[in-house]
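This is entry.cif. It holds mmCIF, C-alpha atoms and all ligand atoms.
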data_input
#
loop_
_atom_site.label_atom_id
_atom_site.label_comp_id
_atom_site.auth_asym_id
_atom_site.auth_seq_id
_atom_site.Cartn_x
_atom_site.Cartn_y
_atom_site.Cartn_z
CA MET B 1 -7.04 9.77 -24.90
CA THR B 2 -8.71 8.23 -21.89
CA ALA B 3 -8.78 4.47 -21.64
CA GLY B 4 -11.69 4.45 -19.18
CA ILE B 5 -12.36 1.67 -16.71
CA PHE B 6 -11.42 -1.94 -17.37
CA LEU B 7 -14.26 -4.25 -16.37
CA ASN B 8 -13.97 -7.96 -17.14
CA GLY B 9 -12.02 -7.50 -20.37
CA GLU B 10 -13.78 -4.39 -21.67
CA TRP B 11 -12.74 -0.75 -21.49
CA LEU B 12 -15.80 1.29 -20.53
CA ALA B 13 -16.68 4.89 -19.79
CA PRO B 14 -16.98 5.31 -15.98
CA GLU B 15 -20.76 5.84 -16.23
CA ALA B 16 -21.08 2.56 -18.18
CA ALA B 17 -19.02 0.41 -15.77
CA HIS B 18 -21.60 -1.37 -13.61
CA VAL B 19 -21.29 -4.26 -11.16
CA SER B 20 -24.15 -6.35 -9.75
CA VAL B 21 -25.32 -5.68 -6.18
CA MET B 22 -25.06 -9.49 -5.80
CA ASP B 23 -21.31 -9.24 -6.32
CA ARG B 24 -19.50 -10.84 -3.39
CA GLY B 25 -17.09 -7.92 -3.35
CA PHE B 26 -20.04 -5.65 -2.52
CA LEU B 27 -21.87 -7.99 -0.12
CA PHE B 28 -18.92 -9.65 1.67
CA GLY B 29 -15.80 -7.67 0.80
CA ASP B 30 -14.79 -10.95 -0.87
CA GLY B 31 -12.00 -9.70 -3.08
CA VAL B 32 -8.43 -8.48 -3.31
CA TYR B 33 -6.78 -5.36 -4.69
CA GLU B 34 -3.57 -3.58 -5.58
CA VAL B 35 -2.57 0.08 -5.84
CA ILE B 36 0.26 0.67 -8.31
CA PRO B 37 1.96 4.05 -8.62
CA VAL B 38 2.76 5.21 -12.13
CA TYR B 39 5.43 7.84 -12.72
CA SER B 40 5.84 9.38 -16.17
CA ARG B 41 3.46 6.67 -17.44
CA ARG B 42 5.75 3.89 -16.16
CA PRO B 43 4.21 1.57 -13.59
CA PHE B 44 6.48 1.34 -10.55
CA ARG B 45 7.43 -2.21 -9.50
CA LEU B 46 4.61 -3.65 -11.60
CA GLU B 47 5.74 -7.27 -11.41
CA GLN B 48 6.07 -7.08 -7.62
CA HIS B 49 2.53 -5.68 -7.35
CA LEU B 50 1.18 -8.40 -9.64
CA SER B 51 3.02 -11.06 -7.72
CA ARG B 52 1.46 -9.77 -4.48
CA LEU B 53 -1.93 -9.80 -6.24
CA GLN B 54 -1.33 -13.49 -6.99
CA HIS B 55 -0.40 -14.10 -3.34
CA SER B 56 -3.63 -12.41 -2.22
CA LEU B 57 -5.72 -14.41 -4.75
CA ASP B 58 -4.09 -17.66 -3.61
CA GLY B 59 -4.79 -16.67 -0.01
CA ILE B 60 -8.53 -16.34 -0.68
CA GLN B 61 -8.65 -19.36 -3.01
CA LEU B 62 -9.67 -17.38 -6.07
CA THR B 63 -8.28 -18.35 -9.46
CA ASN B 64 -6.55 -15.48 -11.21
CA PRO B 65 -8.75 -14.56 -14.20
CA TYR B 66 -5.71 -13.41 -16.22
CA CYS B 67 -2.11 -14.48 -16.70
CA LEU B 68 0.80 -12.22 -15.81
CA ASP B 69 1.34 -11.02 -19.38
CA GLN B 70 -2.32 -10.07 -19.71
CA TRP B 71 -2.20 -8.03 -16.50
CA ILE B 72 1.01 -6.33 -17.64
CA GLY B 73 -0.68 -5.51 -20.96
CA PHE B 74 -3.83 -4.06 -19.35
CA VAL B 75 -1.95 -1.95 -16.80
CA THR B 76 0.60 -0.71 -19.32
CA GLN B 77 -2.17 0.27 -21.73
CA LEU B 78 -3.99 2.21 -19.02
CA ALA B 79 -0.76 3.89 -17.89
CA CYS B 80 -0.19 5.06 -21.48
CA GLU B 81 -3.74 6.16 -22.18
CA ALA B 82 -5.06 7.69 -18.95
CA GLU B 83 -5.06 11.46 -18.83
CA TRP B 84 -2.32 11.89 -16.22
CA GLU B 85 1.45 11.39 -16.47
CA ASP B 86 1.63 10.32 -12.82
CA GLN B 87 -1.15 8.01 -11.74
CA SER B 88 -2.31 5.59 -9.15
CA ILE B 89 -3.65 2.45 -10.81
CA TYR B 90 -6.18 0.46 -8.83
CA ILE B 91 -6.81 -3.23 -9.52
CA GLN B 92 -9.59 -5.18 -7.85
CA VAL B 93 -10.63 -8.80 -8.32
CA THR B 94 -13.67 -10.08 -6.47
CA ARG B 95 -15.27 -13.52 -6.39
CA GLY B 96 -18.00 -12.06 -8.57
CA PRO B 97 -21.79 -12.30 -8.44
CA MET B 98 -23.83 -15.02 -6.72
CA ALA B 99 -27.46 -16.00 -7.40
CA VAL B 100 -28.50 -16.05 -3.74
CA ARG B 101 -26.70 -14.55 -0.79
CA ASN B 102 -24.62 -17.30 0.77
CA HIS B 103 -21.33 -17.09 2.61
CA ALA B 104 -20.05 -20.27 0.94
CA PHE B 105 -18.48 -19.81 -2.48
CA PRO B 106 -20.82 -20.31 -5.46
CA GLN B 107 -20.21 -23.50 -7.46
CA GLN B 108 -19.65 -21.48 -10.59
CA VAL B 109 -17.35 -18.54 -9.87
CA THR B 110 -17.09 -15.68 -12.37
CA PRO B 111 -14.66 -13.15 -10.89
CA THR B 112 -15.18 -9.45 -11.36
CA ALA B 113 -11.97 -7.73 -12.45
CA VAL B 114 -11.65 -3.96 -12.44
CA ILE B 115 -8.71 -1.71 -13.30
CA LEU B 116 -8.91 2.06 -13.10
CA ALA B 117 -6.53 5.01 -12.98
CA GLU B 118 -6.66 8.11 -10.83
CA ALA B 119 -4.34 11.10 -10.76
CA MET B 120 -1.41 10.39 -8.45
CA GLN B 121 -1.71 12.54 -5.36
CA THR B 122 1.61 12.70 -3.58
CA PRO B 123 1.51 14.18 -0.08
CA PRO B 124 1.85 17.95 0.26
CA GLN B 125 5.38 19.27 0.60
CA SER B 126 4.52 20.55 4.09
CA GLN B 127 4.03 16.95 5.30
CA ARG B 128 7.49 15.97 4.07
CA GLU B 129 9.14 19.10 5.44
CA GLN B 130 7.37 19.36 8.79
CA GLY B 131 6.38 15.75 9.29
CA ILE B 132 3.03 14.31 10.19
CA ALA B 133 1.21 13.52 13.41
CA ALA B 134 0.05 9.98 14.15
CA VAL B 135 -2.01 8.27 16.81
CA SER B 136 -1.66 4.66 17.91
CA ALA B 137 -4.22 1.91 18.40
CA ALA B 138 -4.50 -1.79 19.05
CA ASP B 139 -4.36 -3.72 15.79
CA ILE B 140 -7.91 -5.12 15.74
CA ARG B 141 -7.65 -6.73 12.29
CA TRP B 142 -7.74 -10.42 11.42
CA LEU B 143 -4.71 -12.73 11.27
CA ARG B 144 -4.18 -12.62 7.47
CA CYS B 145 -3.01 -9.03 7.12
CA ASP B 146 -0.51 -10.28 4.51
CA LEU B 147 -3.44 -10.50 2.07
CA LYS B 148 -4.45 -7.25 0.40
CA THR B 149 -8.18 -7.85 0.63
CA THR B 150 -10.97 -5.39 -0.01
CA SER B 151 -12.41 -6.23 3.45
CA LEU B 152 -10.97 -3.01 4.85
CA LEU B 153 -13.48 -1.97 7.49
CA ALA B 154 -11.03 -2.35 10.37
CA ASN B 155 -8.42 -0.35 8.45
CA CYS B 156 -11.02 2.35 7.71
CA LEU B 157 -12.08 2.59 11.36
CA LEU B 158 -8.45 2.76 12.43
CA ARG B 159 -7.59 5.44 9.86
CA GLN B 160 -10.64 7.43 10.96
CA MET B 161 -9.22 7.53 14.51
CA ALA B 162 -6.27 9.45 13.10
CA VAL B 163 -8.51 11.80 11.12
CA ALA B 164 -10.72 12.45 14.16
CA ALA B 165 -7.60 13.43 16.11
CA GLY B 166 -6.40 15.74 13.33
CA CYS B 167 -3.63 13.27 12.43
CA VAL B 168 -2.57 11.50 9.23
CA GLU B 169 -1.99 7.88 10.24
CA THR B 170 -2.71 5.35 12.98
CA VAL B 171 0.25 3.23 14.07
CA LEU B 172 -0.83 -0.27 15.08
CA PHE B 173 0.43 -2.48 17.89
CA ARG B 174 -0.50 -6.11 18.40
CA ASP B 175 0.44 -7.90 21.62
CA GLY B 176 3.02 -5.25 22.44
CA PHE B 177 4.69 -5.19 19.01
CA LEU B 178 4.58 -2.79 16.07
CA THR B 179 2.76 -4.20 13.03
CA GLU B 180 2.14 -1.38 10.52
CA GLY B 181 -0.09 1.63 9.88
CA SER B 182 -3.79 1.57 8.93
CA ALA B 183 -2.70 1.93 5.27
CA SER B 184 1.08 2.08 5.38
CA SER B 185 4.23 0.30 6.53
CA ILE B 186 6.04 1.76 9.54
CA PHE B 187 9.78 1.99 10.19
CA ALA B 188 11.63 3.12 13.32
CA VAL B 189 15.17 4.50 13.62
CA LYS B 190 17.24 4.07 16.79
CA ASP B 191 20.88 5.07 17.22
CA GLY B 192 21.41 5.30 13.48
CA VAL B 193 19.90 1.88 12.76
CA LEU B 194 16.78 1.50 10.62
CA LEU B 195 14.37 -0.98 12.22
CA ALA B 196 11.72 -2.77 10.16
CA PRO B 197 9.09 -5.22 11.41
CA ILE B 198 9.34 -8.75 10.04
CA LYS B 199 7.02 -9.48 7.11
CA ASN B 200 4.58 -12.10 8.31
CA HIS B 201 0.83 -12.74 8.46
CA LEU B 202 0.35 -9.67 10.69
CA MET B 203 1.32 -7.07 8.09
CA LEU B 204 1.06 -6.39 4.40
CA PRO B 205 4.30 -7.15 2.56
CA GLY B 206 4.68 -3.56 1.37
CA ILE B 207 6.26 -2.86 -2.00
CA THR B 208 7.50 0.53 -0.75
CA TYR B 209 8.81 -1.21 2.41
CA ASP B 210 10.96 -3.40 0.13
CA VAL B 211 12.22 -0.37 -1.78
CA VAL B 212 13.19 1.39 1.47
CA LEU B 213 15.10 -1.65 2.72
CA GLU B 214 16.81 -2.10 -0.65
CA LEU B 215 17.90 1.54 -0.62
CA ALA B 216 19.19 1.17 2.94
CA ALA B 217 21.24 -1.87 1.89
CA GLN B 218 22.48 -0.21 -1.28
CA HIS B 219 23.64 2.93 0.54
CA GLY B 220 25.12 1.14 3.55
CA LEU B 221 22.56 2.33 6.10
CA ALA B 222 22.56 -0.10 9.04
CA HIS B 223 19.21 -1.86 9.25
CA GLU B 224 17.59 -4.69 11.14
CA VAL B 225 14.43 -6.60 10.27
CA ARG B 226 13.06 -7.85 13.56
CA ASP B 227 10.22 -7.62 16.04
CA ILE B 228 9.93 -4.05 17.35
CA THR B 229 8.28 -3.55 20.71
CA GLU B 230 5.79 -0.83 21.43
CA ALA B 231 8.25 0.70 23.90
CA GLU B 232 10.98 0.77 21.23
CA THR B 233 8.57 2.41 18.82
CA ARG B 234 7.64 5.09 21.32
CA GLY B 235 11.31 5.61 22.21
CA ALA B 236 12.53 5.74 18.59
CA ASP B 237 14.68 8.60 17.31
CA GLU B 238 12.62 8.67 14.11
CA LEU B 239 9.45 7.05 12.83
CA TRP B 240 8.52 6.84 9.16
CA MET B 241 5.43 5.69 7.32
CA CYS B 242 5.54 4.58 3.70
CA SER B 243 3.18 3.39 0.98
CA SER B 244 2.74 3.46 -2.77
CA THR B 245 0.72 6.67 -2.61
CA LYS B 246 2.47 8.46 0.31
CA GLU B 247 6.02 7.37 -0.63
CA VAL B 248 7.97 7.99 2.62
CA LEU B 249 6.82 10.43 5.30
CA PRO B 250 8.27 11.32 8.71
CA ILE B 251 6.04 10.86 11.77
CA VAL B 252 7.01 13.59 14.23
CA THR B 253 4.41 13.09 16.94
CA LEU B 254 2.77 9.91 18.18
CA ASP B 255 -0.26 10.29 20.44
CA GLY B 256 0.69 13.94 20.92
CA ARG B 257 4.21 13.12 22.12
CA VAL B 258 7.25 14.24 20.16
CA VAL B 259 9.15 11.47 18.40
CA GLY B 260 12.89 11.52 19.16
CA THR B 261 14.89 13.44 21.69
CA ARG B 262 17.37 15.19 19.43
CA VAL B 263 18.26 18.35 21.35
CA GLY B 264 16.17 21.24 20.20
CA VAL B 265 14.89 19.47 17.10
CA GLY B 266 12.38 16.99 18.50
CA GLY B 267 9.18 17.17 16.49
CA THR B 268 10.93 17.73 13.19
CA PRO B 269 11.84 15.15 10.52
CA GLY B 270 15.10 13.39 11.40
CA PRO B 271 18.33 13.30 9.40
CA LEU B 272 17.91 9.69 8.27
CA PHE B 273 14.46 10.48 6.94
CA ALA B 274 15.92 13.31 4.84
CA GLN B 275 18.55 10.90 3.56
CA MET B 276 16.07 8.14 2.72
CA TYR B 277 13.69 10.58 1.06
CA ALA B 278 16.51 11.83 -1.18
CA TRP B 279 17.53 8.24 -2.07
CA TYR B 280 13.91 7.39 -2.83
CA GLN B 281 13.47 10.35 -5.16
CA GLU B 282 16.78 9.65 -6.85
CA PHE B 283 15.79 6.02 -7.37
CA LYS B 284 12.42 7.06 -8.79
CA SER B 285 13.98 9.54 -11.18
CA THR B 286 16.64 7.21 -12.53
CA VAL B 287 14.33 4.25 -12.93
CA MET B 288 11.16 6.02 -13.97
CA ARG B 289 12.26 9.11 -15.82
CA ALA B 290 15.05 7.57 -17.90
CA PRO B 291 14.55 8.06 -21.66
CA ALA B 292 12.21 5.39 -23.01
N1 LIG B 301 -2.20 0.68 0.99
N2 LIG B 301 0.03 -1.71 4.87
C1 LIG B 301 -1.27 -1.50 4.57
C2 LIG B 301 -2.31 -1.98 5.53
C3 LIG B 301 -1.62 -0.82 3.39
O1 LIG B 301 -2.92 -0.63 3.09
C4 LIG B 301 -0.59 -0.35 2.54
C5 LIG B 301 -0.87 0.37 1.26
C6 LIG B 301 0.75 -0.60 2.90
C7 LIG B 301 1.89 -0.18 2.02
O2 LIG B 301 2.01 -1.05 0.92
P1 LIG B 301 2.64 -0.55 -0.46
O3 LIG B 301 3.97 0.03 -0.15
O4 LIG B 301 2.76 -1.79 -1.24
O5 LIG B 301 1.70 0.47 -1.03
C8 LIG B 301 1.02 -1.28 4.07
C9 LIG B 301 -2.60 1.21 -0.28
C10 LIG B 301 -1.78 2.33 -0.81
C11 LIG B 301 -4.09 1.47 -0.24
O6 LIG B 301 -4.76 0.67 0.39
O7 LIG B 301 -4.56 2.43 -0.87
#

What does the file become when written as structure tokens?
Amino acid sequence: MTAGIFLNGEWLAPEAAHVSVMDRGFLFGDGVYEVIPVYSRRPFRLEQHLSRLQHSLDGIQLTNPYCLDQWIGFVTQLACEAEWEDQSIYIQVTRGPMAVRNHAFPQQVTPTAVILAEAMQTPPQSQREQGIAAVSAADIRWLRCDLKTTSLLANCLLRQMAVAAGCVETVLFRDGFLTEGSASSIFAVKDGVLLAPIKNHLMLPGITYDVVLELAAQHGLAHEVRDITEAETRGADELWMCSSTKEVLPIVTLDGRVVGTRVGVGGTPGPLFAQMYAWYQEFKSTVMRAPA
């Protein structure tokens, strides 16, 4: 059975799910979103995603149209009824339609809430085994990158730089420090220590980022959460990108230069990546594929 698309409390066939062109999400990118991976029909870290959704809504001063239990119910229903076992569930809440185009919020706000599922598309095995190429760019986004807003034009332009260069991701630097990727969190490894940028207003508090740090702590991998300079990033032994849809991937070249100086093996995924990837898959399988 296919649940269809959730639109403001109704489950509709995709061709019947319509939103007004006066919706502020369409005209201003005035909305927030979440992407939740679902494995074996079990949403991964659902409460953390919904808590970040609340953080984003608070950040744009938009009242959450549903309570936590309602969201859990909607997402769980979709995860059970969509056609795929492994899915990527997309949630979007915008400030809804306005009568006349005006930057200021309407007096009467009726948010538009959408939930839909797509087949989960994990990266090809070749990307995990051989690693991916990345470019770098100045982080040209605003100063509230902790909010997962639908105003993603800067992220799209930055990601397109990678695509134009035949690469997968764009690594962002602001004022000489690593922030994140155009649609991912970035980690560096130096001398056996995993380095993670500090979660602040300059980066999205990634759910996968948290999982990676938890796994590092659990397995005794030395890690530091601190500012990481551009020079440290470029001189790292390993670079990783991670997100809900890409899981964890090794970056093996940055701006055409090989990451790491391991003798004879520069340009290939590093040993700590292999270790983290195995921990991540093990964690997924125990948590998500345990008997119901
Ligand atoms: N993006 N940083 C940015 C800018 C992102 O867009 C994402 C994910 C992440 C990783 O966050 P998480 O681990 O919670 O997925 C970091 C999603 C997948 C997207 O926009 O489609």

(request) Write out as a VMD selection string the residues lying within 9 Å of stretch 9-22 of chain B, counting only C-alpha atoms and excluding same-chain residues fewer than 3 positions away. (result) chain B and resid 2 to 6 25 to 27 74 96 to 101 112 to 114

(message) Set the distance at 7 Å and use all atoms listed in the file: which residues neighbour B:Val168 once local chain neighbours fewer than 5 positions away are removed? I'd like the list as JSON, numbers by chain.
(response) {"B": [132, 133, 134, 162, 163]}

Dump as an mmCIF file, keeping the file's coordinate frame, selection limited to C-alpha atoms:
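Written file, selection17.cif:
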data_model
loop_
_atom_site.group_PDB
_atom_site.id
_atom_site.type_symbol
_atom_site.label_atom_id
_atom_site.label_comp_id
_atom_site.auth_asym_id
_atom_site.auth_seq_id
_atom_site.Cartn_x
_atom_site.Cartn_y
_atom_site.Cartn_z
ATOM 1 C CA ILE B 132 3.030 14.310 10.190
ATOM 2 C CA ALA B 133 1.210 13.520 13.410
ATOM 3 C CA ALA B 134 0.050 9.980 14.150
ATOM 4 C CA ALA B 162 -6.270 9.450 13.100
ATOM 5 C CA VAL B 163 -8.510 11.800 11.120
#

(message) Under the rule that all atoms listed in the file are counted, which of B:Gly270, B:Gly260, B:Pro197, B:Gly73 is the nearest residue to ligand LIG 301 (chain B)?
(response) B:Pro197

(message) Just checking: using only C-alpha atoms, which residue out of B:Leu202, B:Ala119, B:Leu254, B:Val171 ends up closest to B:Leu143?
(response)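 Of B:Leu202, B:Ala119, B:Leu254, B:Val171, the one nearest B:Leu143 is B:Leu202, counting only C-alpha atoms.
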
(message) What does the list of residues within 9 Å of ligand LIG 301 (chain B) look like if you count all atoms listed in the file, written as a PyMOL selection string?
(response) chain B and resi 33-37+48-49+52+88+90+145-146+148+150+152+155+179-186+203-211+241-247

Residues as selected, C-alpha atoms, written as a PDB file, in the frame of the given file, can you do that?
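That gives us result07.pdb:
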ATOM      1  CA  TYR B  33      -6.780  -5.360  -4.690  1.00  0.00           C
ATOM      2  CA  GLU B  34      -3.570  -3.580  -5.580  1.00  0.00           C
ATOM      3  CA  VAL B  35      -2.570   0.080  -5.840  1.00  0.00           C
ATOM      4  CA  ILE B  36       0.260   0.670  -8.310  1.00  0.00           C
ATOM      5  CA  PRO B  37       1.960   4.050  -8.620  1.00  0.00           C
ATOM      6  CA  GLN B  48       6.070  -7.080  -7.620  1.00  0.00           C
ATOM      7  CA  HIS B  49       2.530  -5.680  -7.350  1.00  0.00           C
ATOM      8  CA  ARG B  52       1.460  -9.770  -4.480  1.00  0.00           C
ATOM      9  CA  SER B  88      -2.310   5.590  -9.150  1.00  0.00           C
ATOM     10  CA  TYR B  90      -6.180   0.460  -8.830  1.00  0.00           C
ATOM     11  CA  CYS B 145      -3.010  -9.030   7.120  1.00  0.00           C
ATOM     12  CA  ASP B 146      -0.510 -10.280   4.510  1.00  0.00           C
ATOM     13  CA  LYS B 148      -4.450  -7.250   0.400  1.00  0.00           C
ATOM     14  CA  THR B 150     -10.970  -5.390  -0.010  1.00  0.00           C
ATOM     15  CA  LEU B 152     -10.970  -3.010   4.850  1.00  0.00           C
ATOM     16  CA  ASN B 155      -8.420  -0.350   8.450  1.00  0.00           C
ATOM     17  CA  THR B 179       2.760  -4.200  13.030  1.00  0.00           C
ATOM     18  CA  GLU B 180       2.140  -1.380  10.520  1.00  0.00           C
ATOM     19  CA  GLY B 181      -0.090   1.630   9.880  1.00  0.00           C
ATOM     20  CA  SER B 182      -3.790   1.570   8.930  1.00  0.00           C
ATOM     21  CA  ALA B 183      -2.700   1.930   5.270  1.00  0.00           C
ATOM     22  CA  SER B 184       1.080   2.080   5.380  1.00  0.00           C
ATOM     23  CA  SER B 185       4.230   0.300   6.530  1.00  0.00           C
ATOM     24  CA  ILE B 186       6.040   1.760   9.540  1.00  0.00           C
ATOM     25  CA  MET B 203       1.320  -7.070   8.090  1.00  0.00           C
ATOM     26  CA  LEU B 204       1.060  -6.390   4.400  1.00  0.00           C
ATOM     27  CA  PRO B 205       4.300  -7.150   2.560  1.00  0.00           C
ATOM     28  CA  GLY B 206       4.680  -3.560   1.370  1.00  0.00           C
ATOM     29  CA  ILE B 207       6.260  -2.860  -2.000  1.00  0.00           C
ATOM     30  CA  THR B 208       7.500   0.530  -0.750  1.00  0.00           C
ATOM     31  CA  TYR B 209       8.810  -1.210   2.410  1.00  0.00           C
ATOM     32  CA  ASP B 210      10.960  -3.400   0.130  1.00  0.00           C
ATOM     33  CA  VAL B 211      12.220  -0.370  -1.780  1.00  0.00           C
ATOM     34  CA  MET B 241       5.430   5.690   7.320  1.00  0.00           C
ATOM     35  CA  CYS B 242       5.540   4.580   3.700  1.00  0.00           C
ATOM     36  CA  SER B 243       3.180   3.390   0.980  1.00  0.00           C
ATOM     37  CA  SER B 244       2.740   3.460  -2.770  1.00  0.00           C
ATOM     38  CA  THR B 245       0.720   6.670  -2.610  1.00  0.00           C
ATOM     39  CA  LYS B 246       2.470   8.460   0.310  1.00  0.00           C
ATOM     40  CA  GLU B 247       6.020   7.370  -0.630  1.00  0.00           C
TER      41      GLU B 247
END

(request) Determine the nearest neighbour of B:Val248 from the options B:Gly131, B:Gly235, B:Gly176, B:Gly192, counting all atoms listed in the file. (result)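 Checking each of B:Gly131, B:Gly235, B:Gly176, B:Gly192 against B:Val248, counting all atoms listed in the file, the winner is B:Gly131.
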
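Between B:Glu118 and the residues B:Ala165, B:Asn102, B:Val38, B:Thr76, the shortest atom-to-atom distance, using all atoms listed in the file, involves B:Val38.
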
(message) Set the distance at 10 Å and use all atoms listed in the file: which residues neighbour B:Pro65 once local chain neighbours fewer than 5 positions away are removed? I'd like the list as a list in words.
(response) Asn8, Gly9, Leu57, Gln70, Trp71, Val93, Thr110, Pro111, Thr112 and Ala113 of chain B

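Nearest residue to B:Ile91 among B:Thr170, B:Thr253, B:Ser285, B:Thr149 is B:Thr149, counting only C-alpha atoms.
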
(request) Could you give me, as number ranges by chain, the residues within 9 Å of B:Ile72, counting only C-alpha atoms and dropping anything in the same chain fewer than 3 positions from it? (result) B: 46-47, 50, 67-69, 75-77

(request) Measure the distance from atom CA of B:Ala164 to atom CA of B:Leu239 in Å and round it to one decimal. (result)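 Those two atoms sit 20.9 Å apart.
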
(request) Find the residue from B:Glu214, B:Glu85, B:Glu230, B:Glu282 that sits nearest to B:Asp175; use all atoms listed in the file when measuring. (result)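 When distances to B:Asp175 are compared using all atoms listed in the file, the smallest one comes from B:Glu230.
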
(request) Would you list the contacts of B:Tyr39 as a ChimeraX atom specification, taking every protein, DNA or RNA residue within 7 Å and counting all atoms listed in the file, but skipping same-chain residues closer than 2 positions in sequence? (result) /B:37,41-44,85-87,288

Enclose the full set of atoms of stretch 108-121 of chain B listed in the file within a box whose edges lie along x, y and z, apply 3 Å of padding to each of the six sides, and report centre and edge lengths in Å to one decimal as AutoDock Vina command-line options.
--center_x -10.5 --center_y -4.5 --center_z -9.3 --size_x 24.2 --size_y 40.0 --size_z 13.9

(message) Quick check, in Å to one decimal: how far apart do atom CA of B:Lys199 and atom CA of B:Thr229 lie?
(response)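 Atom CA of B:Thr229 lies at a distance of 14.9 Å from atom CA of B:Lys199.
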
(message) I'd like the interatomic distance between atom CA of B:Ala188 and atom CA of B:Thr122, to a tenth of an Å.
(response) 21.9 Å

Could you add N, CA and C atoms to stretch 86-105 of chain B and give me the result as a PDB file, in the frame of the given file?
ATOM      1  N   ASP B  86       1.416  11.059 -14.078  1.00  0.00           N
ATOM      2  CA  ASP B  86       1.630  10.320 -12.820  1.00  0.00           C
ATOM      3  C   ASP B  86       0.275   9.858 -12.319  1.00  0.00           C
ATOM      4  N   GLN B  87       0.165   8.576 -12.067  1.00  0.00           N
ATOM      5  CA  GLN B  87      -1.150   8.010 -11.740  1.00  0.00           C
ATOM      6  C   GLN B  87      -1.036   7.032 -10.577  1.00  0.00           C
ATOM      7  N   SER B  88      -2.215   6.686 -10.096  1.00  0.00           N
ATOM      8  CA  SER B  88      -2.310   5.590  -9.150  1.00  0.00           C
ATOM      9  C   SER B  88      -3.287   4.605  -9.798  1.00  0.00           C
ATOM     10  N   ILE B  89      -2.784   3.435 -10.131  1.00  0.00           N
ATOM     11  CA  ILE B  89      -3.650   2.450 -10.810  1.00  0.00           C
ATOM     12  C   ILE B  89      -4.181   1.465  -9.783  1.00  0.00           C
ATOM     13  N   TYR B  90      -5.489   1.317  -9.792  1.00  0.00           N
ATOM     14  CA  TYR B  90      -6.180   0.460  -8.830  1.00  0.00           C
ATOM     15  C   TYR B  90      -6.667  -0.798  -9.541  1.00  0.00           C
ATOM     16  N   ILE B  91      -6.324  -1.950  -8.993  1.00  0.00           N
ATOM     17  CA  ILE B  91      -6.810  -3.230  -9.520  1.00  0.00           C
ATOM     18  C   ILE B  91      -7.653  -3.883  -8.432  1.00  0.00           C
ATOM     19  N   GLN B  92      -8.785  -4.430  -8.816  1.00  0.00           N
ATOM     20  CA  GLN B  92      -9.590  -5.180  -7.850  1.00  0.00           C
ATOM     21  C   GLN B  92     -10.135  -6.438  -8.517  1.00  0.00           C
ATOM     22  N   VAL B  93     -10.025  -7.551  -7.824  1.00  0.00           N
ATOM     23  CA  VAL B  93     -10.630  -8.800  -8.320  1.00  0.00           C
ATOM     24  C   VAL B  93     -11.502  -9.345  -7.199  1.00  0.00           C
ATOM     25  N   THR B  94     -12.784  -9.496  -7.476  1.00  0.00           N
ATOM     26  CA  THR B  94     -13.670 -10.080  -6.470  1.00  0.00           C
ATOM     27  C   THR B  94     -14.133 -11.461  -6.938  1.00  0.00           C
ATOM     28  N   ARG B  95     -14.781 -12.189  -6.022  1.00  0.00           N
ATOM     29  CA  ARG B  95     -15.270 -13.520  -6.390  1.00  0.00           C
ATOM     30  C   ARG B  95     -16.540 -13.434  -7.239  1.00  0.00           C
ATOM     31  N   GLY B  96     -16.927 -12.242  -7.604  1.00  0.00           N
ATOM     32  CA  GLY B  96     -18.000 -12.060  -8.570  1.00  0.00           C
ATOM     33  C   GLY B  96     -19.399 -12.255  -8.001  1.00  0.00           C
ATOM     34  N   PRO B  97     -20.395 -12.251  -8.893  1.00  0.00           N
ATOM     35  CA  PRO B  97     -21.790 -12.300  -8.440  1.00  0.00           C
ATOM     36  C   PRO B  97     -22.220 -13.698  -7.998  1.00  0.00           C
ATOM     37  N   MET B  98     -23.225 -13.738  -7.126  1.00  0.00           N
ATOM     38  CA  MET B  98     -23.830 -15.020  -6.720  1.00  0.00           C
ATOM     39  C   MET B  98     -25.351 -14.892  -6.926  1.00  0.00           C
ATOM     40  N   ALA B  99     -26.017 -16.028  -7.122  1.00  0.00           N
ATOM     41  CA  ALA B  99     -27.460 -16.000  -7.400  1.00  0.00           C
ATOM     42  C   ALA B  99     -28.239 -15.691  -6.127  1.00  0.00           C
ATOM     43  N   VAL B 100     -27.856 -16.335  -5.033  1.00  0.00           N
ATOM     44  CA  VAL B 100     -28.500 -16.050  -3.740  1.00  0.00           C
ATOM     45  C   VAL B 100     -27.407 -15.765  -2.722  1.00  0.00           C
ATOM     46  N   ARG B 101     -27.716 -14.922  -1.771  1.00  0.00           N
ATOM     47  CA  ARG B 101     -26.700 -14.550  -0.790  1.00  0.00           C
ATOM     48  C   ARG B 101     -26.338 -15.750   0.076  1.00  0.00           C
ATOM     49  N   ASN B 102     -25.090 -16.119   0.044  1.00  0.00           N
ATOM     50  CA  ASN B 102     -24.620 -17.300   0.770  1.00  0.00           C
ATOM     51  C   ASN B 102     -23.134 -17.117   1.034  1.00  0.00           C
ATOM     52  N   HIS B 103     -22.748 -17.302   2.290  1.00  0.00           N
ATOM     53  CA  HIS B 103     -21.330 -17.090   2.610  1.00  0.00           C
ATOM     54  C   HIS B 103     -20.427 -18.038   1.829  1.00  0.00           C
ATOM     55  N   ALA B 104     -20.883 -19.287   1.656  1.00  0.00           N
ATOM     56  CA  ALA B 104     -20.050 -20.270   0.940  1.00  0.00           C
ATOM     57  C   ALA B 104     -19.874 -19.832  -0.514  1.00  0.00           C
ATOM     58  N   PHE B 105     -18.739 -20.217  -1.096  1.00  0.00           N
ATOM     59  CA  PHE B 105     -18.480 -19.810  -2.480  1.00  0.00           C
ATOM     60  C   PHE B 105     -19.528 -20.418  -3.405  1.00  0.00           C
TER      61      PHE B 105
END
